[in-house]
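Report on the following structure.
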Amino acid sequence: MKRTTPLTRHIGGKVREYRLKNGWTQTELAARMQVVGCDLSREIIARIESGFRQTSVFEIDKFVEVFGITYNDIFAQ
């Protein structure tokens, strides 16, 4: 299967980085996303982190909210 985003512009890598910084599993992150109204499963988060699924603007907004970071943080390379 082909990656949807190049590794140099990989938001999923940032999602993984911040998830691990918080000490959360993918399942825990999925639960936190659901609490803020974004219904993502552990499997979808795994696909986002590995670059096999793109994220919507809504999902990016919710990742920023859940992690307590800025948009600059998630888009920085």
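In the structure tokens, the first chain shown is A, the next is B, and so on; residue numbers restart at 1 for each chain, and ligands run from 1 in the order shown.
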
Lys21 of chain A environment, 12 Å, only C-alpha atoms, sequence neighbours closer than 4 positions dropped, as a short mmCIF file (atom, residue, chain, number, x, y, z; two decimals) with N, CA, C and O atoms, in the first residue's frame:
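The resulting file, result15.cif, is shown below:
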```
data_model
loop_
_atom_site.label_atom_id
_atom_site.label_comp_id
_atom_site.auth_asym_id
_atom_site.auth_seq_id
_atom_site.Cartn_x
_atom_site.Cartn_y
_atom_site.Cartn_z
N LYS A 14 4.03 13.66 13.88
CA LYS A 14 3.85 14.59 15.01
C LYS A 14 2.80 14.06 15.99
O LYS A 14 2.96 14.20 17.20
N VAL A 15 1.74 13.45 15.44
CA VAL A 15 0.72 12.86 16.31
C VAL A 15 1.37 11.80 17.19
O VAL A 15 1.17 11.77 18.40
N ARG A 16 2.17 10.95 16.59
CA ARG A 16 2.86 9.89 17.34
C ARG A 16 3.81 10.51 18.38
O ARG A 16 3.84 10.08 19.54
N GLU A 17 4.57 11.52 17.96
CA GLU A 17 5.52 12.17 18.87
C GLU A 17 4.81 12.72 20.11
O GLU A 17 5.24 12.46 21.24
N THR A 25 -1.23 5.39 24.97
CA THR A 25 -1.32 4.38 23.91
C THR A 25 -2.21 4.94 22.81
O THR A 25 -2.90 5.96 23.01
N LEU A 29 -5.37 7.61 23.22
CA LEU A 29 -5.54 8.79 22.38
C LEU A 29 -6.89 8.75 21.68
O LEU A 29 -7.60 9.76 21.61
N PHE A 67 -3.86 17.51 22.64
CA PHE A 67 -2.46 17.57 23.06
C PHE A 67 -2.12 18.87 23.78
O PHE A 67 -1.09 18.97 24.43
N GLY A 68 -2.97 19.89 23.65
CA GLY A 68 -2.68 21.18 24.27
C GLY A 68 -1.49 21.87 23.62
O GLY A 68 -0.65 22.46 24.31
N ILE A 69 -1.42 21.78 22.28
CA ILE A 69 -0.31 22.36 21.53
C ILE A 69 -0.85 23.40 20.57
O ILE A 69 -2.06 23.62 20.49
#
```

Q: Using DSSP on the backbone, list every residue of chain A that comes out as helix (DSSP H, G or I), and give them as an MDAnalysis selection string.
A: chainID A and resid 7:9 11:21 26:35 42:50 57:67 71:75

For the selection you just gave me, I'd like the residues written to a file as a compact mmCIF listing (two decimals), in the first residue's frame, keeping C-alpha atoms.
```
# COMPACT_ATOMS: atom_id res chain seq x y z
CA LEU A 7 7.61 11.48 5.34
CA THR A 8 9.00 15.03 5.21
CA ARG A 9 5.45 16.46 5.61
CA ILE A 11 1.51 15.13 10.46
CA GLY A 12 1.07 11.54 11.64
CA GLY A 13 4.66 11.57 12.85
CA LYS A 14 3.85 14.59 15.01
CA VAL A 15 0.72 12.86 16.31
CA ARG A 16 2.86 9.89 17.34
CA GLU A 17 5.52 12.17 18.87
CA TYR A 18 3.02 14.04 21.06
CA ARG A 19 1.14 10.86 21.94
CA LEU A 20 4.35 9.27 23.21
CA LYS A 21 5.39 12.48 25.04
CA GLN A 26 -3.14 4.68 20.61
CA THR A 27 -6.25 3.39 22.39
CA GLU A 28 -5.97 6.12 25.04
CA LEU A 29 -5.54 8.79 22.38
CA ALA A 30 -8.59 7.45 20.51
CA ALA A 31 -10.63 7.69 23.73
CA ARG A 32 -9.48 11.27 24.35
CA MET A 33 -10.33 12.22 20.77
CA GLN A 34 -13.81 10.75 21.19
CA VAL A 35 -14.36 12.81 24.36
CA ARG A 42 -7.10 2.95 17.46
CA GLU A 43 -6.76 1.51 13.96
CA ILE A 44 -7.37 4.88 12.32
CA ILE A 45 -4.81 6.54 14.59
CA ALA A 46 -2.29 3.83 13.65
CA ARG A 47 -2.92 4.56 9.95
CA ILE A 48 -2.54 8.32 10.51
CA GLU A 49 0.72 7.83 12.42
CA SER A 50 2.17 5.59 9.70
CA VAL A 57 -8.84 19.91 9.23
CA PHE A 58 -11.40 18.92 11.89
CA GLU A 59 -9.16 16.06 13.10
CA ILE A 60 -6.11 18.35 13.19
CA ASP A 61 -8.12 20.85 15.28
CA LYS A 62 -8.99 18.07 17.72
CA PHE A 63 -5.39 16.76 17.93
CA VAL A 64 -4.24 20.29 18.78
CA GLU A 65 -6.94 20.54 21.45
CA VAL A 66 -6.24 17.11 22.99
CA PHE A 67 -2.46 17.57 23.06
CA TYR A 71 -0.89 24.60 15.11
CA ASN A 72 2.76 25.57 14.64
CA ASP A 73 3.75 22.61 16.81
CA ILE A 74 1.88 20.08 14.71
CA PHE A 75 3.00 21.52 11.36
```

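Closest to Cys38 of chain A among A:Ala76, A:Ser56, A:Thr70, A:His10 is A:Ser56, based on only C-alpha atoms.
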